[in-house]
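Peer 1: Handing over my_file.cif, mmCIF, C-alpha atoms.
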```
data_run
#
loop_
_atom_site.label_atom_id
_atom_site.label_comp_id
_atom_site.auth_asym_id
_atom_site.auth_seq_id
_atom_site.Cartn_x
_atom_site.Cartn_y
_atom_site.Cartn_z
CA GLY A 1 19.58 1.30 72.67
CA GLU A 2 15.94 1.83 73.67
CA SER A 3 12.75 0.23 72.38
CA TRP A 4 9.07 1.04 72.22
CA ARG A 5 6.14 -1.36 71.86
CA TYR A 6 2.99 -0.39 69.99
CA ARG A 7 -0.44 -2.03 70.06
CA ILE A 8 -2.35 -1.36 66.85
CA HIS A 9 -5.98 -2.12 66.05
CA ILE A 10 -6.08 -3.12 62.38
CA ALA A 11 -9.27 -1.64 60.92
CA ASN A 12 -8.03 -1.52 57.32
CA ASP A 13 -9.54 -3.59 54.55
CA ALA A 14 -7.54 -6.62 53.44
CA ALA A 15 -4.74 -5.45 51.13
CA THR A 16 -0.99 -5.18 50.66
CA TYR A 17 0.46 -2.45 52.88
CA TRP A 18 4.00 -1.48 53.81
CA TYR A 19 5.90 0.53 56.38
CA HIS A 20 9.05 2.64 56.51
CA PRO A 21 10.57 5.41 58.67
CA HIS A 22 9.72 9.04 58.05
CA PRO A 23 12.45 11.31 59.52
CA HIS A 24 12.88 14.73 57.96
CA TYR A 25 15.58 14.82 55.25
CA ARG A 26 16.44 11.15 55.92
CA THR A 27 13.49 9.10 54.59
CA GLY A 28 15.11 8.38 51.22
CA MET A 29 18.40 7.32 52.76
CA GLN A 30 16.85 5.04 55.37
CA VAL A 31 14.49 3.30 52.94
CA HIS A 32 17.31 2.87 50.43
CA LYS A 33 19.44 1.22 53.10
CA GLY A 34 16.71 -1.28 53.92
CA MET A 35 14.38 0.12 56.59
CA ALA A 36 11.12 -0.88 54.92
CA GLY A 37 8.90 -3.93 54.89
CA ILE A 38 5.61 -5.35 53.69
CA LEU A 39 2.50 -5.82 55.83
CA LEU A 40 -0.34 -8.04 54.54
CA VAL A 41 -3.81 -7.54 56.01
CA GLU A 42 -6.11 -10.48 55.36
CA ASP A 43 -9.74 -11.49 55.93
CA GLU A 44 -12.26 -14.16 54.94
CA THR A 45 -12.20 -12.91 51.34
CA ASP A 46 -8.53 -13.83 51.10
CA ASP A 47 -9.24 -17.22 52.67
CA ALA A 48 -11.95 -17.87 50.08
CA LEU A 49 -9.72 -16.75 47.21
CA ARG A 50 -6.91 -19.07 48.33
CA ALA A 51 -9.25 -21.99 48.73
CA GLY A 52 -10.98 -21.39 45.39
CA LEU A 53 -7.73 -21.14 43.42
CA GLY A 54 -5.75 -23.69 45.44
CA LEU A 55 -3.13 -21.11 46.41
CA THR A 56 -0.46 -21.66 49.06
CA PHE A 57 1.19 -18.63 50.60
CA GLY A 58 4.93 -18.64 49.97
CA VAL A 59 4.59 -21.13 47.12
CA THR A 60 1.93 -20.02 44.63
CA GLU A 61 1.06 -16.74 46.38
CA LEU A 62 4.10 -14.51 46.76
CA PRO A 63 4.80 -10.93 47.87
CA LEU A 64 7.17 -9.14 45.48
CA VAL A 65 8.97 -6.16 47.01
CA ILE A 66 10.54 -4.50 43.95
CA GLN A 67 13.38 -2.02 44.45
CA ASP A 68 16.37 -0.67 42.62
CA LYS A 69 19.49 -0.08 44.73
CA GLN A 70 22.74 1.71 44.07
CA VAL A 71 25.49 -0.74 45.02
CA GLY A 72 29.09 0.45 45.30
CA PRO A 73 32.42 -1.30 44.64
CA THR A 74 32.46 -2.78 48.16
CA ASN A 75 28.98 -4.30 47.65
CA GLN A 76 27.32 -1.79 50.00
CA PHE A 77 24.23 0.33 49.36
CA GLU A 78 25.32 3.87 48.50
CA TYR A 79 23.29 7.04 48.90
CA GLU A 80 23.95 10.76 48.43
CA PHE A 81 21.75 13.56 49.71
CA GLY A 82 20.48 16.31 47.43
CA GLU A 83 19.48 14.20 44.40
CA ASP A 84 16.13 14.73 42.67
CA ASP A 85 15.65 10.97 42.31
CA TRP A 86 17.91 8.27 43.67
CA ILE A 87 17.97 5.36 41.24
CA GLY A 88 20.08 2.21 41.42
CA ASN A 89 22.31 -0.08 39.37
CA ARG A 90 20.80 -3.31 40.77
CA MET A 91 17.24 -4.59 40.61
CA LEU A 92 16.15 -6.50 43.71
CA VAL A 93 12.98 -8.49 44.39
CA ASN A 94 12.59 -9.39 48.06
CA TYR A 95 16.25 -8.34 48.38
CA VAL A 96 17.38 -10.97 45.86
CA VAL A 97 19.52 -9.84 42.91
CA GLN A 98 18.52 -11.34 39.53
CA PRO A 99 15.76 -13.47 41.11
CA LYS A 100 14.50 -16.61 39.39
CA LEU A 101 11.32 -18.44 40.34
CA ALA A 102 10.90 -22.12 39.45
CA ALA A 103 7.16 -22.26 38.86
CA GLU A 104 4.44 -24.70 37.91
CA ARG A 105 2.18 -24.17 34.91
CA ARG A 106 -0.79 -22.90 36.88
CA CYS A 107 -2.26 -19.77 38.45
CA TYR A 108 -0.08 -17.59 40.70
CA ARG A 109 -0.91 -14.63 42.88
CA PHE A 110 1.66 -11.85 43.28
CA ARG A 111 1.31 -9.08 45.89
CA MET A 112 3.47 -6.39 44.28
CA LEU A 113 5.01 -3.33 45.98
CA ASN A 114 7.17 -0.70 44.32
CA ALA A 115 9.48 0.15 47.25
CA SER A 116 11.95 2.07 45.08
CA ASN A 117 12.95 5.57 46.11
CA ALA A 118 12.11 7.16 42.78
CA ARG A 119 11.81 4.65 39.91
CA PRO A 120 8.35 4.04 38.40
CA PHE A 121 7.78 0.86 36.40
CA ARG A 122 5.68 0.01 33.36
CA LEU A 123 5.17 -3.61 34.30
CA ALA A 124 4.50 -6.49 31.91
CA TRP A 125 4.98 -10.27 31.97
CA LEU A 126 6.72 -11.31 28.74
CA ALA A 127 6.87 -14.78 27.20
CA ASP A 128 8.98 -14.97 24.02
CA GLY A 129 8.87 -11.18 23.95
CA SER A 130 5.05 -10.96 23.95
CA PRO A 131 3.09 -9.56 26.93
CA LEU A 132 0.83 -12.03 28.73
CA PRO A 133 -2.61 -11.07 30.03
CA PHE A 134 -2.89 -10.82 33.81
CA HIS A 135 -5.64 -9.87 36.20
CA LEU A 136 -5.69 -6.98 38.67
CA ILE A 137 -7.75 -7.91 41.74
CA GLY A 138 -6.55 -5.25 44.19
CA ALA A 139 -4.55 -2.07 44.58
CA ASP A 140 -3.01 -0.06 47.42
CA THR A 141 -5.67 -0.43 50.12
CA GLY A 142 -8.35 -2.87 48.99
CA SER A 143 -9.84 -5.27 46.48
CA PHE A 144 -11.37 -4.42 43.13
CA ALA A 145 -15.10 -5.03 42.78
CA ARG A 146 -14.23 -7.10 39.70
CA ALA A 147 -10.98 -8.30 38.21
CA LEU A 148 -9.51 -6.21 35.37
CA THR A 149 -7.54 -7.97 32.64
CA VAL A 150 -4.52 -6.04 31.34
CA ARG A 151 -1.17 -6.66 29.63
CA GLU A 152 0.76 -3.82 31.26
CA VAL A 153 0.35 -1.35 34.09
CA TYR A 154 2.30 1.53 35.63
CA LEU A 155 3.42 1.12 39.24
CA ALA A 156 4.89 4.20 40.92
CA PRO A 157 6.96 4.32 44.12
CA GLY A 158 4.75 3.56 47.10
CA GLN A 159 1.99 1.88 45.05
CA ARG A 160 0.88 -1.74 45.34
CA LEU A 161 -0.95 -4.24 43.12
CA ASP A 162 -2.61 -7.58 43.77
CA VAL A 163 -2.21 -9.69 40.61
CA LEU A 164 -3.33 -13.09 39.33
CA ILE A 165 -1.54 -14.59 36.32
CA ASP A 166 -2.20 -17.92 34.64
CA PHE A 167 0.83 -19.81 33.28
CA SER A 168 -1.13 -22.99 32.45
CA GLY A 169 -1.35 -22.32 28.71
CA LEU A 170 2.42 -21.95 28.22
CA PRO A 171 4.76 -24.75 27.13
CA VAL A 172 7.14 -26.54 29.47
CA ARG A 173 10.49 -24.79 29.94
CA THR A 174 9.07 -21.40 28.99
CA ARG A 175 10.81 -18.47 30.66
CA VAL A 176 8.49 -15.62 31.60
CA MET A 177 10.16 -12.32 32.43
CA LEU A 178 8.64 -9.66 34.65
CA THR A 179 9.85 -6.54 32.88
CA SER A 180 9.51 -2.78 32.95
CA LEU A 181 8.76 -1.71 29.37
CA PRO A 182 10.24 1.52 27.97
CA PHE A 183 8.41 4.79 28.61
CA ASP A 184 9.09 8.52 28.66
CA PRO A 185 10.03 9.38 32.29
CA MET A 186 9.06 13.01 31.63
CA GLU A 187 11.78 14.55 33.78
CA ASN A 188 10.72 18.05 32.75
CA ASP A 189 11.89 19.92 35.83
CA GLY A 190 14.10 22.29 33.86
CA ALA A 191 17.35 21.00 35.38
CA PRO A 192 20.43 20.84 33.13
CA PHE A 193 21.00 17.39 31.65
CA MET A 194 23.11 15.10 33.78
CA ASP A 195 24.27 11.70 32.54
CA PRO A 196 22.74 9.17 35.00
CA SER A 197 25.94 7.11 34.83
CA MET A 198 27.75 9.99 36.55
CA GLU A 199 25.23 10.31 39.40
CA HIS A 200 24.43 6.59 39.66
CA PRO A 201 27.20 4.50 38.03
CA GLY A 202 25.79 1.56 36.09
CA ALA A 203 22.14 2.49 36.65
CA VAL A 204 19.63 1.99 33.85
CA PRO A 205 18.17 5.44 33.09
CA LEU A 206 14.58 6.08 34.15
CA GLY A 207 12.16 4.87 31.48
CA ASP A 208 14.58 2.46 29.79
CA PRO A 209 13.57 -1.24 29.58
CA LEU A 210 14.52 -3.25 32.62
CA ASP A 211 14.28 -6.95 33.50
CA ILE A 212 13.04 -7.53 37.06
CA MET A 213 12.41 -11.25 37.67
CA ALA A 214 12.53 -14.51 35.67
CA VAL A 215 9.90 -17.24 36.05
CA ASP A 216 10.89 -20.68 34.68
CA LEU A 217 7.94 -23.01 34.02
CA ASP A 218 7.89 -26.76 34.32
CA GLY A 219 5.55 -29.64 35.13
CA PRO A 220 2.04 -30.57 33.96
CA ALA A 221 -0.47 -27.87 33.15
CA ALA A 222 -3.26 -27.16 35.63
CA ASP A 223 -6.80 -26.08 34.73
CA ARG A 224 -7.13 -22.65 33.21
CA LEU A 225 -7.88 -19.78 35.56
CA ARG A 226 -11.31 -18.23 35.78
CA PRO A 227 -10.78 -14.79 37.32
CA PRO A 228 -12.83 -14.57 40.52
CA ARG A 229 -15.29 -11.83 41.31
CA ARG A 230 -13.82 -9.88 44.19
CA ALA A 231 -15.74 -8.48 47.12
CA GLY A 232 -14.29 -4.98 47.11
CA SER A 233 -16.66 -2.09 47.72
CA GLU A 234 -17.63 0.39 45.02
CA PRO A 235 -17.45 3.92 46.43
CA ARG A 236 -20.19 6.44 45.75
CA PHE A 237 -18.15 9.56 45.01
CA ARG A 238 -19.57 12.01 42.50
CA ASP A 239 -17.07 13.86 40.32
CA ARG A 240 -17.65 17.55 40.89
CA LYS A 241 -15.90 20.84 41.43
CA PRO A 242 -12.98 20.19 43.79
CA ASP A 243 -13.09 21.30 47.41
CA ARG A 244 -9.31 21.75 47.42
CA GLY A 245 -6.68 22.10 44.74
CA PHE A 246 -2.98 21.34 44.93
CA ARG A 247 -0.58 22.73 42.36
CA LEU A 248 2.66 20.74 42.15
CA HIS A 249 5.48 22.88 40.80
CA ILE A 250 9.14 23.84 41.09
CA GLU A 251 10.70 27.27 41.53
CA ASN A 252 14.35 28.08 42.12
CA ARG A 253 15.09 24.32 42.41
CA ARG A 254 12.56 23.92 45.26
CA TRP A 255 9.53 21.63 45.03
CA LEU A 256 6.32 23.38 46.09
CA ILE A 257 2.64 22.68 46.76
CA ASN A 258 0.60 25.81 46.10
CA GLY A 259 3.73 27.90 46.42
CA ARG A 260 4.83 26.49 49.75
CA ASN A 261 7.56 24.05 50.76
CA HIS A 262 7.01 21.87 53.85
CA HIS A 263 10.21 23.09 55.46
CA ASP A 264 8.83 26.65 55.36
CA ASP A 265 5.87 25.70 57.53
CA GLN A 266 7.65 24.20 60.54
CA ASP A 267 5.23 21.22 60.52
CA LEU A 268 2.17 23.45 61.02
CA PRO A 269 -1.03 22.14 59.38
CA ARG A 270 -1.80 23.98 56.15
CA PHE A 271 -5.59 23.49 56.39
CA ASP A 272 -8.35 21.82 58.41
CA VAL A 273 -10.88 19.18 57.31
CA PRO A 274 -14.04 18.38 59.30
CA ARG A 275 -14.13 14.81 60.56
CA GLY A 276 -16.59 12.83 58.42
CA ALA A 277 -16.40 15.20 55.44
CA ARG A 278 -16.38 13.79 51.90
CA GLU A 279 -14.15 15.99 49.78
CA VAL A 280 -12.90 16.09 46.21
CA TRP A 281 -9.23 17.00 45.88
CA GLU A 282 -7.56 18.03 42.64
CA PHE A 283 -3.84 17.57 41.95
CA ARG A 284 -2.50 19.71 39.09
CA ASN A 285 1.06 19.04 38.04
CA ASP A 286 2.90 21.73 36.10
CA THR A 287 4.23 20.88 32.64
CA VAL A 288 7.72 21.92 33.80
CA SER A 289 7.86 19.25 36.46
CA MET A 290 8.34 15.51 37.02
CA PRO A 291 5.92 12.64 37.74
CA HIS A 292 4.73 12.83 41.34
CA PRO A 293 3.17 9.84 43.16
CA MET A 294 1.05 11.76 45.67
CA HIS A 295 0.39 9.89 48.93
CA THR A 296 -2.03 10.59 51.79
CA HIS A 297 -1.48 9.39 55.34
CA GLY A 298 -4.46 8.02 57.23
CA PHE A 299 -7.05 8.06 54.43
CA ARG A 300 -7.58 6.28 51.16
CA PHE A 301 -9.27 7.66 48.06
CA ARG A 302 -10.73 6.83 44.66
CA VAL A 303 -9.61 8.46 41.42
CA LEU A 304 -12.55 10.30 39.83
CA ALA A 305 -10.96 11.66 36.66
CA ARG A 306 -7.73 12.37 34.80
CA SER A 307 -7.26 15.15 32.25
CA GLY A 308 -4.31 16.54 30.35
CA SER A 309 -2.65 13.11 30.52
CA PRO A 310 0.35 12.41 28.28
CA LYS A 311 -0.27 10.07 25.35
CA GLN A 312 1.51 7.16 27.05
CA VAL A 313 -1.04 7.40 29.88
CA ARG A 314 -4.11 8.13 27.73
CA ARG A 315 -3.62 4.87 25.85
CA HIS A 316 -4.30 3.02 29.13
CA ALA A 317 -7.57 4.87 29.85
CA LEU A 318 -10.58 2.61 30.42
CA ASP A 319 -13.33 5.24 30.49
CA ARG A 320 -14.20 8.73 29.28
CA ARG A 321 -12.83 10.22 32.49
CA GLY A 322 -9.33 9.09 31.56
CA ARG A 323 -8.95 6.60 34.41
CA THR A 324 -6.31 3.88 34.05
CA PRO A 325 -6.61 0.30 35.42
CA HIS A 326 -4.82 1.06 38.69
CA ASP A 327 -7.27 3.94 39.28
CA PHE A 328 -10.18 1.51 39.77
CA GLY A 329 -8.88 0.36 43.15
CA TRP A 330 -8.83 1.99 46.56
CA LEU A 331 -5.59 3.99 46.62
CA ASP A 332 -3.41 5.92 49.02
CA THR A 333 -0.94 6.93 46.27
CA VAL A 334 -1.76 8.31 42.82
CA LEU A 335 0.76 9.07 40.07
CA VAL A 336 0.31 12.56 38.57
CA TRP A 337 2.29 13.13 35.37
CA PRO A 338 3.63 16.51 34.19
CA GLY A 339 0.82 18.56 32.67
CA GLU A 340 -1.81 16.25 34.16
CA THR A 341 -4.71 16.98 36.50
CA VAL A 342 -6.16 14.23 38.70
CA ARG A 343 -9.27 14.50 40.89
CA VAL A 344 -9.82 12.10 43.79
CA GLY A 345 -12.62 11.57 46.30
CA ILE A 346 -11.73 11.13 49.98
CA ASP A 347 -13.95 10.20 52.93
CA PHE A 348 -12.59 11.70 56.16
CA SER A 349 -14.63 9.51 58.47
CA GLN A 350 -12.49 8.25 61.33
CA PRO A 351 -13.05 7.03 64.91
CA TYR A 352 -10.60 9.45 66.53
CA ARG A 353 -11.95 12.57 68.20
CA GLY A 354 -10.09 15.81 68.67
CA ASP A 355 -7.41 17.24 66.40
CA GLN A 356 -5.56 14.65 64.33
CA THR A 357 -2.68 15.73 62.07
CA TYR A 358 -1.84 13.86 58.86
CA MET A 359 0.51 14.32 55.95
CA LEU A 360 0.22 14.58 52.18
CA HIS A 361 3.43 14.15 50.22
CA CYS A 362 5.13 12.93 47.06
CA HIS A 363 6.35 9.34 47.36
CA ASN A 364 9.42 10.06 45.30
CA LEU A 365 11.38 9.99 48.54
CA GLU A 366 13.91 12.59 47.44
CA HIS A 367 11.06 14.99 46.58
CA GLU A 368 9.54 14.30 50.00
CA ASP A 369 12.83 14.98 51.77
CA GLN A 370 13.19 18.20 49.81
CA GLY A 371 9.81 19.39 51.11
CA LEU A 372 7.17 18.36 48.54
CA MET A 373 4.70 17.65 51.32
CA LEU A 374 2.34 19.33 53.76
CA ASN A 375 0.48 18.63 56.99
CA PHE A 376 -3.29 18.88 57.27
CA ARG A 377 -5.53 18.52 60.31
CA VAL A 378 -8.78 16.58 60.71
CA ARG A 379 -10.95 18.11 63.44
CA ASP A 380 -14.38 17.52 64.94
CA ALA A 381 -16.92 19.46 62.88
CA GLU A 382 -17.75 21.83 65.74
CA SER A 383 -14.05 22.78 66.02
CA VAL A 384 -13.54 23.75 62.40
#
```
Output the file's structure in the form of structure tokens.
Peer 2:
Amino acid sequence: GESWRYRIHIANDAATYWYHPHPHYRTGMQVHKGMAGILLVEDETDDALRAGLGLTFGVTELPLVIQDKQVGPTNQFEYEFGEDDWIGNRMLVNYVVQPKLAAERRCYRFRMLNASNARPFRLAWLADGSPLPFHLIGADTGSFARALTVREVYLAPGQRLDVLIDFSGLPVRTRVMLTSLPFDPMENDGAPFMDPSMEHPGAVPLGDPLDIMAVDLDGPAADRLRPPRRAGSEPRFRDRKPDRGFRLHIENRRWLINGRNHHDDQDLPRFDVPRGAREVWEFRNDTVSMPHPMHTHGFRFRVLARSGSPKQVRRHALDRRGRTPHDFGWLDTVLVWPGETVRVGIDFSQPYRGDQTYMLHCHNLEHEDQGLMLNFRVRDAESV
């Protein structure tokens, strides 16, 4: 029955953010039952983009909070503790089941968040079964320096995308379907096979194709879109030997980082970082494992390289360092597949003096609740 009021200085770059509670052992349950929301940070770059493309928020610029929910026979969200991933039998966008958007034949902007507990998506926009090109202009925590044109992209739990798509070249009465294409979910954690219909009645198994939202087009066609050049900053991180390495693995049905589970550490910081340091971190996921969307609190990063990626990820690589389209944005969550190694560069500059404790964890919320996370501490250089 009590309340608390916060005053927050927003220093973040313009991007699509979100918030949710973080209680031990209860994060997955509370997010699944609805305690999560989107938070848009905007600046003059957004104003210029809207003006240049003639976008109207809520009409031609829309946030899409994408989640799967397990709904029971009494039409209530259902959740059970102890699952490796909690998936659902209903797809919701902005808490609407089977959403349909009546749209004009013009450019739209979609601010997309995967707020699912555990389900990653391989997103594509299909018209008559064929994927349409769309433009990535931003990711988790900032804008791209230039738009990237793609036809599909992975979006893991906790990740966000800022997307432009042009419907002007499609005929009247075309239905475009936002879909998750099939992929191998790589649930290689060594657990005995369990039919998902027994754990989550009616749920589409992870990796199976899944329709998310229908867009029905009508009206006259507008001018074709010219993707804008964005004003995002290009970081100057050099790929090098990592300062810290994190092995993600499972032993005796417990998720571990470098052999430790968060619940073993009683919230104590595992290591210290000097304030203002620029470090390279390396995430190495065991082959006997599952995909882990690794998330940092308080700091964003850039992906420097991927190696050991599965074939379904390698086919998306845009450079010799194995980086996929989503990797070219400022991120706070990176998906690390089984057998894969990902290096990221992080700048630990911050205005706060004294000891500040942050968290690193998997954004599969059931993995997080089971202890696939750790605390680290950022300290003034003279204190380290």
Peer 1: Would you kindly return, as a ChimeraX atom specification, each protein, DNA or RNA residue with an atom no farther than 12 Å from any atom of stretch 173-179 of chain A, considering only C-alpha atoms and excluding same-chain residues fewer than 6 positions away?
Peer 2: /A:64,66,91,93,98-105,110,112,121-132,134,151-155,165-167,207-221
Peer 1: Just to confirm, what's the straight-line distance from atom CA of A:Asp46 to atom CA of A:Gly298 in Å (one decimal)?
Peer 2: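 Computing it gives 23.1 Å between the two atoms.
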Peer 1: Name every residue that the PyMOL selection byres ((chain A and resi 359) around 7) selects in this structure, writing the answer as a PyMOL selection string with chains first and numbers rising.
Peer 2: chain A and resi 296-297+358+360-361+374-376
Peer 1: Please identify all polymer residues within 9 Å of A:Asp84, counting only C-alpha atoms, omitting same-chain residues fewer than 5 positions from it, and present them as an mmCIF file with C-alpha atoms, in the coordinates of the input.
Peer 2:
```cif
data_model
loop_
_atom_site.group_PDB
_atom_site.id
_atom_site.type_symbol
_atom_site.label_atom_id
_atom_site.label_comp_id
_atom_site.auth_asym_id
_atom_site.auth_seq_id
_atom_site.Cartn_x
_atom_site.Cartn_y
_atom_site.Cartn_z
ATOM 1 C CA ALA A 118 12.110 7.160 42.780
ATOM 2 C CA ASN A 364 9.420 10.060 45.300
ATOM 3 C CA LEU A 365 11.380 9.990 48.540
ATOM 4 C CA GLU A 366 13.910 12.590 47.440
ATOM 5 C CA HIS A 367 11.060 14.990 46.580
ATOM 6 C CA GLN A 370 13.190 18.200 49.810
#
```
Peer 1: One number please: atom CA of A:Ala139 to atom CA of A:His262, in Å, one decimal.
Peer 2: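 Result for atom CA of A:Ala139 versus atom CA of A:His262: 28.2 Å, one decimal.
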Peer 1: Might you pull out every residue within 12 Å of A:Gly54, with all atoms listed in the file counted and same-chain residues fewer than 3 positions away left off, and present them as a PyMOL selection string?
Peer 2: chain A and resi 46-51+57+59-61+106-109+222-223+225
Peer 1: With the PyMOL selection byres ((chain A and resi 320) around 10) as the selection, what would be picked from this file? Answer as a ChimeraX atom specification, please.
Peer 2: /A:305-307,317-319,321-323
Peer 1: Rounded to one decimal, what separation in Å do you get between atom CA of A:Glu382 and atom CA of A:Gln356?
Peer 2: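 Between atom CA of A:Glu382 and atom CA of A:Gln356 the gap works out to 14.2 Å.
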Peer 1: Care to translate the PyMOL selection byres ((chain A and resi 76) around 12) into actual residues of this file, as a ChimeraX atom specification?
Peer 2: /A:32-34,69-75,77-79,88-90
Peer 1: Residues within 8 Å of A:Val41, please, as an MDAnalysis selection string. Count all atoms listed in the file; anything in the same chain fewer than 5 positions from it doesn't count.
Peer 2: chainID A and resid 12:17
Peer 1: With all atoms listed in the file as the basis for distance, which of A:Val334, A:Met373, A:Ala115, A:Val65 is at the shortest distance from A:Pro269?
Peer 2: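 Closest residue, counting all atoms listed in the file: A:Met373.
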Peer 1: So that I can see what lies close to stretch 285-290 of chain A, please list as JSON, numbers by chain the residues with an atom at most 10 Å from it, counting all atoms listed in the file and leaving out residues fewer than 3 positions away in the same chain.
Peer 2: {"A": [84, 185, 186, 187, 188, 189, 190, 191, 246, 247, 248, 249, 250, 251, 255, 257, 282, 293, 308, 336, 337, 338, 339, 340, 341, 342, 364, 367]}
Peer 1: Can you work out which one of A:Val280, A:Val150, A:Met294, A:Val273 has the shortest atom-to-atom distance to A:Arg379, counting all atoms listed in the file?
Peer 2: A:Val273
Peer 1: Enclose stretch 86-105 of chain A, meaning all of its atoms listed in the file, in a box aligned along x, y and z, pad it by 5 Å on each side, and list the centre and edge lengths in Å to one decimal, as lines of an AutoDock Vina configuration file.
Peer 2:
```
center_x = 12.2
center_y = -8.2
center_z = 41.6
size_x = 30.1
size_y = 43.0
size_z = 23.5
```
Peer 1: Smallest atom-to-atom distance to A:Arg377: which of A:Met29, A:Val313, A:Val97, A:Leu268, using only C-alpha atoms?
Peer 2: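 Comparing A:Met29, A:Val313, A:Val97, A:Leu268 against A:Arg377, the winner is A:Leu268.
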